[in-house]
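Dropping final.txt in here (compact mmCIF, C-alpha atoms and all ligand atoms):
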# COMPACT_ATOMS: atom_id res chain seq x y z
CA MET A 1 18.47 7.93 -1.93
CA SER A 2 21.38 6.26 -3.69
CA TYR A 3 21.92 2.57 -4.27
CA THR A 4 25.22 1.03 -3.28
CA GLY A 5 24.55 -2.64 -4.15
CA THR A 6 25.61 -4.54 -7.28
CA LYS A 7 24.44 -2.99 -10.54
CA VAL A 8 21.04 -4.22 -11.74
CA GLU A 9 20.69 -5.13 -15.43
CA ILE A 10 17.06 -5.64 -16.37
CA ASP A 11 15.65 -5.35 -19.88
CA ILE A 12 12.29 -3.57 -19.71
CA GLU A 13 9.47 -2.99 -22.17
CA ARG A 14 6.75 -0.49 -21.23
CA ILE A 15 3.34 -1.87 -20.21
CA PRO A 16 0.80 0.19 -22.20
CA ASN A 17 -2.11 1.80 -20.32
CA CYS A 18 -5.70 2.13 -21.50
CA LEU A 19 -5.21 5.75 -22.67
CA GLU A 20 -2.06 4.95 -24.66
CA ASN A 21 -0.58 7.88 -22.78
CA PRO A 22 2.75 7.36 -20.99
CA ALA A 23 1.91 10.22 -18.57
CA TRP A 24 -1.20 8.40 -17.32
CA PRO A 25 -0.56 5.93 -14.45
CA LEU A 26 -1.21 2.26 -15.09
CA LEU A 27 -4.36 1.66 -13.06
CA ILE A 28 -5.05 -1.90 -11.97
CA ALA A 29 -8.18 -2.52 -9.90
CA GLY A 30 -10.49 -5.30 -8.85
CA PRO A 31 -11.45 -7.41 -5.86
CA CYS A 32 -9.02 -9.01 -3.46
CA SER A 33 -10.52 -12.41 -4.35
CA ALA A 34 -12.66 -13.85 -7.11
CA GLU A 35 -15.82 -15.09 -5.33
CA SER A 36 -18.39 -15.68 -8.07
CA GLU A 37 -18.81 -14.97 -11.78
CA GLU A 38 -21.49 -12.34 -11.02
CA GLN A 39 -19.29 -10.53 -8.51
CA LEU A 40 -16.40 -10.40 -10.99
CA ILE A 41 -18.44 -9.23 -13.96
CA ASP A 42 -20.44 -6.66 -12.02
CA THR A 43 -17.28 -5.18 -10.48
CA ALA A 44 -15.41 -5.25 -13.80
CA LEU A 45 -18.23 -3.53 -15.74
CA LYS A 46 -18.39 -0.76 -13.13
CA LEU A 47 -14.62 -0.34 -13.26
CA LYS A 48 -14.63 -0.32 -17.05
CA ALA A 49 -17.18 2.53 -16.88
CA THR A 50 -14.56 4.76 -15.19
CA LYS A 51 -12.73 4.68 -18.57
CA ARG A 52 -9.45 4.86 -16.73
CA ILE A 53 -8.47 1.38 -15.63
CA SER A 54 -6.13 -0.72 -17.73
CA ILE A 55 -6.15 -4.07 -15.98
CA PHE A 56 -8.69 -5.98 -13.87
CA ARG A 57 -7.25 -7.86 -10.89
CA ALA A 58 -8.71 -10.71 -8.85
CA GLY A 59 -7.00 -13.25 -6.61
CA ILE A 60 -7.76 -16.86 -7.61
CA TRP A 61 -5.32 -18.44 -5.14
CA LYS A 62 -5.00 -16.57 -1.85
CA PRO A 63 -1.92 -16.90 0.34
CA ARG A 64 -3.36 -16.43 3.83
CA THR A 65 -1.28 -15.77 6.90
CA ARG A 66 -3.43 -18.16 8.97
CA PRO A 67 -5.19 -21.33 7.74
CA ASN A 68 -8.98 -21.65 7.94
CA SER A 69 -9.61 -18.38 6.16
CA PHE A 70 -10.75 -18.24 2.52
CA GLU A 71 -7.87 -19.58 0.43
CA GLY A 72 -9.22 -18.66 -2.98
CA ILE A 73 -11.77 -20.11 -5.35
CA GLY A 74 -9.01 -21.85 -7.35
CA VAL A 75 -9.10 -23.01 -10.96
CA LYS A 76 -12.90 -22.75 -11.07
CA GLY A 77 -12.52 -18.94 -11.17
CA LEU A 78 -10.30 -18.86 -14.25
CA PRO A 79 -13.14 -19.19 -16.81
CA TRP A 80 -14.81 -16.24 -15.00
CA MET A 81 -11.71 -14.16 -15.71
CA GLN A 82 -12.06 -15.13 -19.38
CA THR A 83 -15.67 -13.92 -19.32
CA VAL A 84 -14.60 -10.61 -17.76
CA LYS A 85 -12.08 -10.15 -20.56
CA LYS A 86 -14.67 -10.97 -23.21
CA GLU A 87 -17.39 -8.74 -21.74
CA THR A 88 -15.27 -5.72 -20.85
CA GLY A 89 -12.19 -5.89 -23.06
CA LEU A 90 -10.09 -5.31 -19.93
CA ARG A 91 -6.85 -7.22 -19.56
CA THR A 92 -6.80 -9.48 -16.47
CA ALA A 93 -4.32 -10.14 -13.68
CA THR A 94 -4.00 -12.70 -10.90
CA GLU A 95 -1.48 -13.82 -8.29
CA VAL A 96 0.67 -16.90 -8.85
CA ALA A 97 2.69 -18.68 -6.19
CA ASN A 98 4.00 -21.77 -7.99
CA ALA A 99 4.56 -23.34 -11.42
CA GLU A 100 1.10 -24.94 -11.52
CA HIS A 101 -0.57 -21.55 -10.97
CA VAL A 102 1.47 -20.10 -13.85
CA GLU A 103 0.52 -22.91 -16.20
CA LEU A 104 -3.18 -22.69 -15.36
CA ALA A 105 -3.34 -18.88 -15.51
CA LEU A 106 -1.65 -18.88 -18.92
CA LYS A 107 -3.90 -21.70 -20.16
CA TYR A 108 -6.93 -19.49 -19.38
CA GLY A 109 -5.42 -16.42 -21.03
CA VAL A 110 -4.69 -14.28 -17.93
CA ASP A 111 -2.65 -11.32 -19.26
CA MET A 112 -0.69 -10.33 -16.19
CA LEU A 113 0.64 -12.36 -13.28
CA TRP A 114 1.84 -10.97 -10.01
CA ILE A 115 3.99 -12.62 -7.39
CA GLY A 116 2.72 -11.91 -3.88
CA ALA A 117 4.68 -10.55 -0.94
CA ARG A 118 4.97 -13.88 0.84
CA THR A 119 6.18 -15.63 -2.32
CA SER A 120 8.69 -12.98 -3.43
CA ALA A 121 10.44 -13.44 -0.07
CA ASN A 122 11.31 -17.03 -1.09
CA PRO A 123 13.96 -17.44 -3.85
CA PHE A 124 13.05 -21.14 -4.34
CA SER A 125 9.44 -20.25 -5.18
CA VAL A 126 10.46 -17.31 -7.37
CA GLN A 127 12.89 -19.55 -9.30
CA GLU A 128 10.16 -22.19 -9.78
CA ILE A 129 7.88 -19.48 -11.19
CA ALA A 130 10.70 -18.11 -13.38
CA ASP A 131 11.27 -21.59 -14.87
CA ALA A 132 7.56 -21.95 -15.61
CA LEU A 133 7.54 -18.53 -17.34
CA LYS A 134 10.37 -19.32 -19.79
CA GLY A 135 9.32 -18.86 -23.41
CA THR A 136 6.22 -16.75 -22.58
CA ASP A 137 5.80 -12.98 -22.87
CA VAL A 138 3.15 -12.47 -20.19
CA MET A 139 3.31 -9.30 -18.07
CA VAL A 140 4.68 -9.91 -14.56
CA LEU A 141 4.68 -7.69 -11.48
CA ILE A 142 6.59 -8.58 -8.33
CA LYS A 143 5.39 -7.38 -4.96
CA ASN A 144 7.96 -6.36 -2.40
CA PRO A 145 8.83 -9.16 0.02
CA VAL A 146 7.05 -8.85 3.38
CA ASN A 147 10.33 -7.85 5.01
CA PRO A 148 12.04 -4.58 4.03
CA ASP A 149 14.91 -6.05 2.00
CA THR A 150 15.62 -4.26 -1.29
CA GLU A 151 18.16 -6.89 -2.38
CA LEU A 152 15.64 -9.72 -2.00
CA TRP A 153 13.15 -7.73 -4.11
CA ILE A 154 15.80 -7.05 -6.75
CA GLY A 155 16.82 -10.73 -6.71
CA ALA A 156 13.25 -11.77 -7.50
CA LEU A 157 13.09 -9.24 -10.36
CA GLU A 158 16.39 -10.53 -11.74
CA ARG A 159 15.22 -14.16 -11.65
CA ILE A 160 12.05 -13.31 -13.62
CA SER A 161 13.98 -11.06 -16.01
CA LYS A 162 16.48 -13.85 -16.70
CA ALA A 163 13.56 -16.08 -17.71
CA GLY A 164 13.05 -13.67 -20.62
CA ILE A 165 10.13 -11.62 -19.23
CA ARG A 166 10.41 -7.99 -20.44
CA LYS A 167 7.05 -6.52 -19.46
CA LEU A 168 8.15 -6.51 -15.88
CA GLY A 169 7.41 -4.24 -12.93
CA ALA A 170 7.43 -4.03 -9.15
CA ILE A 171 4.57 -3.48 -6.72
CA HIS A 172 5.15 -1.56 -3.50
CA ARG A 173 2.61 -2.94 -0.95
CA GLY A 174 4.36 -1.97 2.28
CA PHE A 175 6.26 -4.04 4.83
CA SER A 176 5.03 -5.94 7.83
CA SER A 177 6.41 -4.97 11.19
CA HIS A 178 5.91 -6.12 14.73
CA GLU A 179 4.96 -2.65 15.88
CA LYS A 180 1.31 -2.02 14.99
CA GLY A 181 1.22 1.49 13.58
CA VAL A 182 -1.34 3.40 11.56
CA PHE A 183 -0.86 1.22 8.48
CA ARG A 184 -1.46 -2.48 7.94
CA ASN A 185 1.92 -2.59 6.20
CA SER A 186 4.32 0.26 6.77
CA PRO A 187 5.12 2.06 3.48
CA MET A 188 8.84 2.63 4.29
CA TRP A 189 9.21 4.81 1.20
CA SER A 190 12.99 4.63 1.31
CA ILE A 191 12.84 1.00 0.04
CA PRO A 192 10.97 1.66 -3.25
CA ILE A 193 13.11 4.78 -3.70
CA GLU A 194 16.20 2.62 -3.36
CA LEU A 195 14.76 0.18 -5.91
CA LYS A 196 14.20 3.07 -8.31
CA ALA A 197 17.77 4.24 -7.81
CA ALA A 198 19.01 0.69 -8.53
CA CYS A 199 16.83 0.21 -11.56
CA PRO A 200 15.58 3.58 -12.94
CA HIS A 201 13.54 2.18 -15.85
CA LEU A 202 11.63 -0.40 -13.87
CA PRO A 203 7.95 0.55 -13.47
CA ILE A 204 6.88 0.70 -9.83
CA ILE A 205 3.19 0.34 -9.02
CA CYS A 206 1.88 1.22 -5.56
CA ASP A 207 -0.75 -0.97 -3.85
CA PRO A 208 -2.38 1.47 -1.40
CA SER A 209 -4.94 -1.14 -0.29
CA HIS A 210 -2.45 -3.49 1.37
CA ILE A 211 -0.43 -0.58 2.77
CA CYS A 212 -3.48 1.00 4.43
CA GLY A 213 -5.61 -1.98 5.46
CA ASN A 214 -8.60 0.39 5.57
CA THR A 215 -10.36 2.60 3.04
CA GLU A 216 -9.93 5.97 4.81
CA LEU A 217 -6.21 6.31 4.18
CA ILE A 218 -6.24 5.09 0.57
CA PRO A 219 -6.66 8.54 -1.06
CA PHE A 220 -3.69 9.92 0.90
CA ILE A 221 -1.39 7.02 0.08
CA SER A 222 -2.50 6.98 -3.59
CA GLN A 223 -1.72 10.69 -3.98
CA LYS A 224 1.50 10.35 -2.05
CA ALA A 225 2.58 7.45 -4.28
CA LEU A 226 1.96 9.53 -7.41
CA ASP A 227 3.87 12.40 -5.84
CA MET A 228 6.74 9.95 -5.30
CA ASP A 229 6.59 9.35 -9.08
CA VAL A 230 5.23 5.79 -9.12
CA ASP A 231 4.04 4.49 -12.48
CA GLY A 232 0.67 3.16 -11.42
CA LEU A 233 -1.68 1.99 -8.68
CA MET A 234 -3.15 -1.41 -7.92
CA THR A 235 -6.25 -0.97 -5.77
CA GLU A 236 -8.74 -3.44 -4.33
CA VAL A 237 -12.30 -2.69 -5.46
CA HIS A 238 -15.32 -4.90 -4.73
CA ASN A 239 -18.95 -4.44 -5.79
CA ASN A 240 -20.06 -5.09 -2.19
CA PRO A 241 -17.03 -4.66 0.10
CA SER A 242 -18.77 -5.32 3.42
CA CYS A 243 -19.59 -8.86 2.24
CA ALA A 244 -16.14 -9.58 0.76
CA TRP A 245 -14.67 -12.98 1.58
CA SER A 246 -11.20 -11.50 2.18
CA ASP A 247 -9.80 -8.05 3.08
CA ALA A 248 -13.30 -6.59 3.51
CA LYS A 249 -12.08 -3.54 5.43
CA GLN A 250 -9.77 -2.25 2.73
CA GLN A 251 -11.84 -2.66 -0.44
CA LEU A 252 -13.44 0.36 -2.11
CA THR A 253 -16.76 0.36 -3.92
CA PRO A 254 -16.47 1.11 -7.67
CA GLU A 255 -18.08 4.53 -6.93
CA GLN A 256 -15.49 5.35 -4.26
CA TYR A 257 -12.78 4.25 -6.67
CA GLY A 258 -14.12 6.57 -9.38
CA THR A 259 -14.04 9.49 -6.95
CA LEU A 260 -10.52 8.52 -5.93
CA ILE A 261 -9.01 8.37 -9.40
CA TYR A 262 -10.72 11.49 -10.74
CA GLY A 263 -9.47 13.37 -7.65
CA LEU A 264 -5.82 12.43 -8.11
CA LEU A 265 -3.38 15.16 -9.09
CA LEU A 266 -0.86 14.19 -11.73
CA ARG A 267 2.27 16.22 -11.17
CA SER A 268 5.12 16.34 -13.58
CA SER A 269 8.35 14.72 -12.43
CA ALA A 270 10.30 16.88 -14.91
CA PRO A 271 12.34 19.61 -13.16
CA MET A 272 10.55 22.96 -13.05
CA LYS A 273 11.90 26.00 -14.81
CA GLY A 274 14.31 28.07 -12.71
CA GLU A 275 16.52 27.07 -9.81
CA THR A 276 14.35 28.67 -7.11
CA GLN A 277 11.26 26.71 -8.07
CA THR A 278 13.17 23.43 -8.06
CA ALA A 279 14.64 24.23 -4.65
CA LEU A 280 11.21 25.27 -3.37
CA SER A 281 9.52 22.09 -4.58
CA GLN A 282 12.25 19.99 -2.96
CA LEU A 283 11.78 21.79 0.33
CA ARG A 284 8.02 21.35 0.09
CA ALA A 285 8.45 17.64 -0.56
CA GLU A 286 10.58 17.41 2.60
CA ILE A 287 7.89 19.25 4.60
CA ASP A 288 5.23 16.89 3.21
CA LEU A 289 7.24 13.87 4.31
CA LEU A 290 7.77 15.30 7.80
CA ASP A 291 4.08 16.23 8.20
CA ASP A 292 3.20 12.72 7.19
CA GLU A 293 5.43 11.30 9.89
CA ILE A 294 4.20 13.78 12.51
CA ILE A 295 0.55 12.88 11.83
CA GLN A 296 1.34 9.15 11.97
CA LYS A 297 3.16 9.59 15.28
CA LEU A 298 0.33 11.72 16.68
CA SER A 299 -2.15 9.02 15.78
CA MET A 300 0.03 6.38 17.49
CA ARG A 301 0.31 8.65 20.57
CA MET A 302 -3.49 9.04 20.78
CA LYS A 303 -3.96 5.27 20.55
CA ILE A 304 -1.59 4.81 23.48
CA SER A 305 -3.58 7.43 25.43
CA ALA A 306 -6.67 5.28 24.92
CA LYS A 307 -4.81 2.24 26.32
CA ILE A 308 -3.68 4.29 29.31
CA GLY A 309 -7.32 5.34 29.86
CA LYS A 310 -8.31 1.67 29.94
CA TYR A 311 -5.53 0.84 32.40
CA LYS A 312 -6.49 3.75 34.70
CA LYS A 313 -10.11 2.66 34.60
CA GLU A 314 -9.25 -0.93 35.52
CA ASN A 315 -7.02 0.28 38.35
CA SER A 316 -9.38 3.04 39.57
CA MET A 317 -6.84 5.80 38.99
CA THR A 318 -7.57 9.45 38.24
CA ILE A 319 -6.97 10.71 34.71
CA LEU A 320 -4.83 13.62 35.75
CA GLN A 321 -1.59 12.57 37.42
CA MET A 322 -0.01 15.94 38.17
CA ASP A 323 3.55 14.68 38.85
CA ARG A 324 3.68 12.86 35.56
CA TRP A 325 2.40 15.90 33.67
CA ASN A 326 4.91 18.27 35.33
CA ASN A 327 7.68 15.87 34.40
CA ILE A 328 6.54 15.78 30.79
CA LEU A 329 6.33 19.57 30.63
CA ASP A 330 9.83 20.08 32.05
CA ASN A 331 11.43 17.44 29.92
CA ARG A 332 9.75 18.38 26.60
CA LEU A 333 10.20 22.14 27.12
CA ASN A 334 13.91 21.65 27.71
CA MET A 335 14.21 19.35 24.75
CA GLY A 336 12.37 21.84 22.51
CA LYS A 337 14.61 24.66 23.74
CA ALA A 338 17.74 22.63 23.01
CA MET A 339 16.40 22.03 19.51
CA GLY A 340 15.72 25.69 18.82
CA ILE A 341 11.92 25.65 19.17
CA SER A 342 10.36 28.64 20.95
CA GLU A 343 9.10 28.05 24.47
CA ASP A 344 5.81 29.73 23.67
CA PHE A 345 5.13 27.35 20.78
CA MET A 346 6.17 24.27 22.79
CA LYS A 347 3.81 25.23 25.64
CA LYS A 348 0.85 25.67 23.29
CA TYR A 349 1.66 22.43 21.50
CA LEU A 350 2.04 20.41 24.72
CA ASP A 351 -1.17 21.87 26.12
CA LEU A 352 -3.10 20.85 23.02
CA ILE A 353 -1.70 17.33 23.08
CA HIS A 354 -2.38 17.00 26.80
CA GLN A 355 -5.95 18.24 26.41
CA GLU A 356 -6.65 15.77 23.61
CA SER A 357 -5.09 12.94 25.59
CA ILE A 358 -7.33 13.77 28.58
CA ASN A 359 -10.39 13.84 26.30
CA ILE A 360 -9.53 10.41 24.90
CA GLN A 361 -8.86 8.93 28.34
CA SER A 362 -12.04 10.33 29.79
CA PHE A 363 -14.02 8.95 26.82
CA VAL A 364 -12.51 5.49 27.40
CA MET A 365 -13.05 5.65 31.17
CA ASN A 366 -16.69 6.65 30.88
CA LYS A 367 -17.59 4.24 28.10
CA SER A 368 -19.98 1.65 29.48
CA GLY A 369 -19.37 -2.06 29.06
CA GLU A 370 -15.53 -1.84 29.05
C1 LIG A 401 -3.36 -9.39 -2.78
O1 LIG A 401 -2.96 -8.57 -3.61
O2 LIG A 401 -4.54 -9.73 -2.68
C2 LIG A 401 -2.40 -9.95 -1.79
C3 LIG A 401 -2.59 -11.11 -1.20
O3 LIG A 401 -1.40 -9.13 -1.55
P1 LIG A 401 0.00 -9.26 -0.76
O4 LIG A 401 0.80 -10.32 -1.43
O5 LIG A 401 0.55 -7.88 -0.98
O6 LIG A 401 -0.31 -9.52 0.69
MN MN A 402 -6.10 -8.55 -0.56
Can you dump the structure from the file as structure tokens?
Ligand code: PEP
Ligand code: MN
Amino acid sequence: MSYTGTKVEIDIERIPNCLENPAWPLLIAGPCSAESEEQLIDTALKLKATKRISIFRAGIWKPRTRPNSFEGIGVKGLPWMQTVKKETGLRTATEVANAEHVELALKYGVDMLWIGARTSANPFSVQEIADALKGTDVMVLIKNPVNPDTELWIGALERISKAGIRKLGAIHRGFSSHEKGVFRNSPMWSIPIELKAACPHLPIICDPSHICGNTELIPFISQKALDMDVDGLMTEVHNNPSCAWSDAKQQLTPEQYGTLIYGLLLRSSAPMKGETQTALSQLRAEIDLLDDEIIQKLSMRMKISAKIGKYKKENSMTILQMDRWNNILDNRLNMGKAMGISEDFMKKYLDLIHQESINIQSFVMNKSGE
């Protein structure tokens, strides 16, 4: 992916990780929100015990899409962050959305500030934060704006860089879209890749929690992010996720987080020896990307099958509609043929998909209470 926009000049200083090893990703972890001093300290001590995390995160002010949900504990939580730092030696991070947040977070010794996805989409807010940061050397990470706009993301990074911040990085947390797919926020990998092309030395951290919106997909997205050569991961971890006051579905327990990080494969981004191996690894990366997309699309297809099952149930229709199926077969077989896929393979593939779709519909139709 190349970048065709205006050249980006940003002065960067590396953010050290807990192992003092540039090959090790910068791991940031902690709860979505600070809820109580006990919750923060318990979670932080368990994370510290993994010996791998560099920075403890917790949201003090929460930008919520809809009002009447928990909007953060506020300034009361800042002394708790100080206690975490004292008890664990971990550096701390929180989200800031305006100048007052910056002043308060700095007053209480928070080491890293991040600008959230809703704030980075607004140049007025980013400029206000940049002005409040002048003369400090705090670490700052900027989440991608909610909409997939690389220039807007770069603009926010430039504003903060111009304020003199050098320990600067970006967080890829996915992009919201009207179409509800498998992910809470679609990863759209081409956008962070474009950012990397525009600004090769800028560290990019992936936030698998807000991309996935659930815990099941987090290991896949974390590994994928590392395979895409990101510099770190910011993950939501809570000592009791099912009782979390925000984002309960996507937070890992400290134990699950330990399993996750010790299971990650660190691959070298340096080119391999010999042309053939480099070509092979590139081809494999392309296959990995395509498989990813195929699995996502399959999952979306199965979800639609379930909706069709519900519709057929409500309208007392049979599951099997032979005309429709014959149409699908004809159309897809011809399309596959035109695209050079063998008829035998297409038939087997369509049969499998059809069978699974029937299973899902019959499950939905026979479920009681719906
Ligand atoms: C968060 O990190 O808790 C958060 C609110 O994230 P985002 O800005 O990515 O939605
Ligand atoms: Mn969250």
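Atom pair CA of Val140 in chain A / CA of Gln39 in chain A: separated by 24.7 Å.
Distances to Ala99 in chain A were evaluated for A:Leu133, A:Gln282, A:Arg118, A:Phe124 using all atoms listed in the file, and the minimum falls at A:Leu133.
Between CA of Ser209 in chain A and CA of Glu356 in chain A the separation is 29.3 Å.
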At a cut-off of 8 Å around ligand LIG 401 (chain A), and using only C-alpha atoms and all ligand atoms, what residues come up? Please write them as a PyMOL selection string. chain A and resi 31-33+58-59+62-64+95+115-119+143-144+146+173-174+207+210+236+247
Identify, on the basis of only C-alpha atoms, every residue whose closest approach to Arg184 in chain A does not exceed 6 Å; exclude the query and any residue fewer than 4 positions from it along the same chain; express the result as a PyMOL selection string. chain A and resi 211-213
Output file for the selection above: C-alpha atoms, as a short mmCIF file (atom, residue, chain, number, x, y, z; two decimals), keeping the file's coordinate frame:
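Output file result-v1.cif is given in full below:
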data_model
loop_
_atom_site.label_atom_id
_atom_site.label_comp_id
_atom_site.auth_asym_id
_atom_site.auth_seq_id
_atom_site.Cartn_x
_atom_site.Cartn_y
_atom_site.Cartn_z
CA ILE A 211 -0.43 -0.58 2.77
CA CYS A 212 -3.48 1.00 4.43
CA GLY A 213 -5.61 -1.98 5.46
#
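Residue nearest ligand MN 402 (chain A) within the list A:Lys310, A:His172, A:Arg57, A:His354: A:Arg57 [criterion: smallest interatomic distance, all atoms listed in the file].
Distance annotation: of A:Leu157, A:Ile358, A:Leu40, A:Ile12, the residue with the minimal separation from Asn240 in chain A is A:Leu40; atom set is all atoms listed in the file.
Interatomic distance, CA of Cys18 in chain A against CA of Gly263 in chain A: 18.2 Å.
For range 326-338 of chain A, the residues within 12 Å (counting only C-alpha atoms, excluding itself and residues fewer than 5 positions away along the chain) are A:Leu320, A:Gln321, A:Glu343, A:Asp344, A:Phe345, A:Met346, A:Lys347, A:Lys348, A:Tyr349, A:Leu350, A:Asp351, A:Ile353, A:His354.
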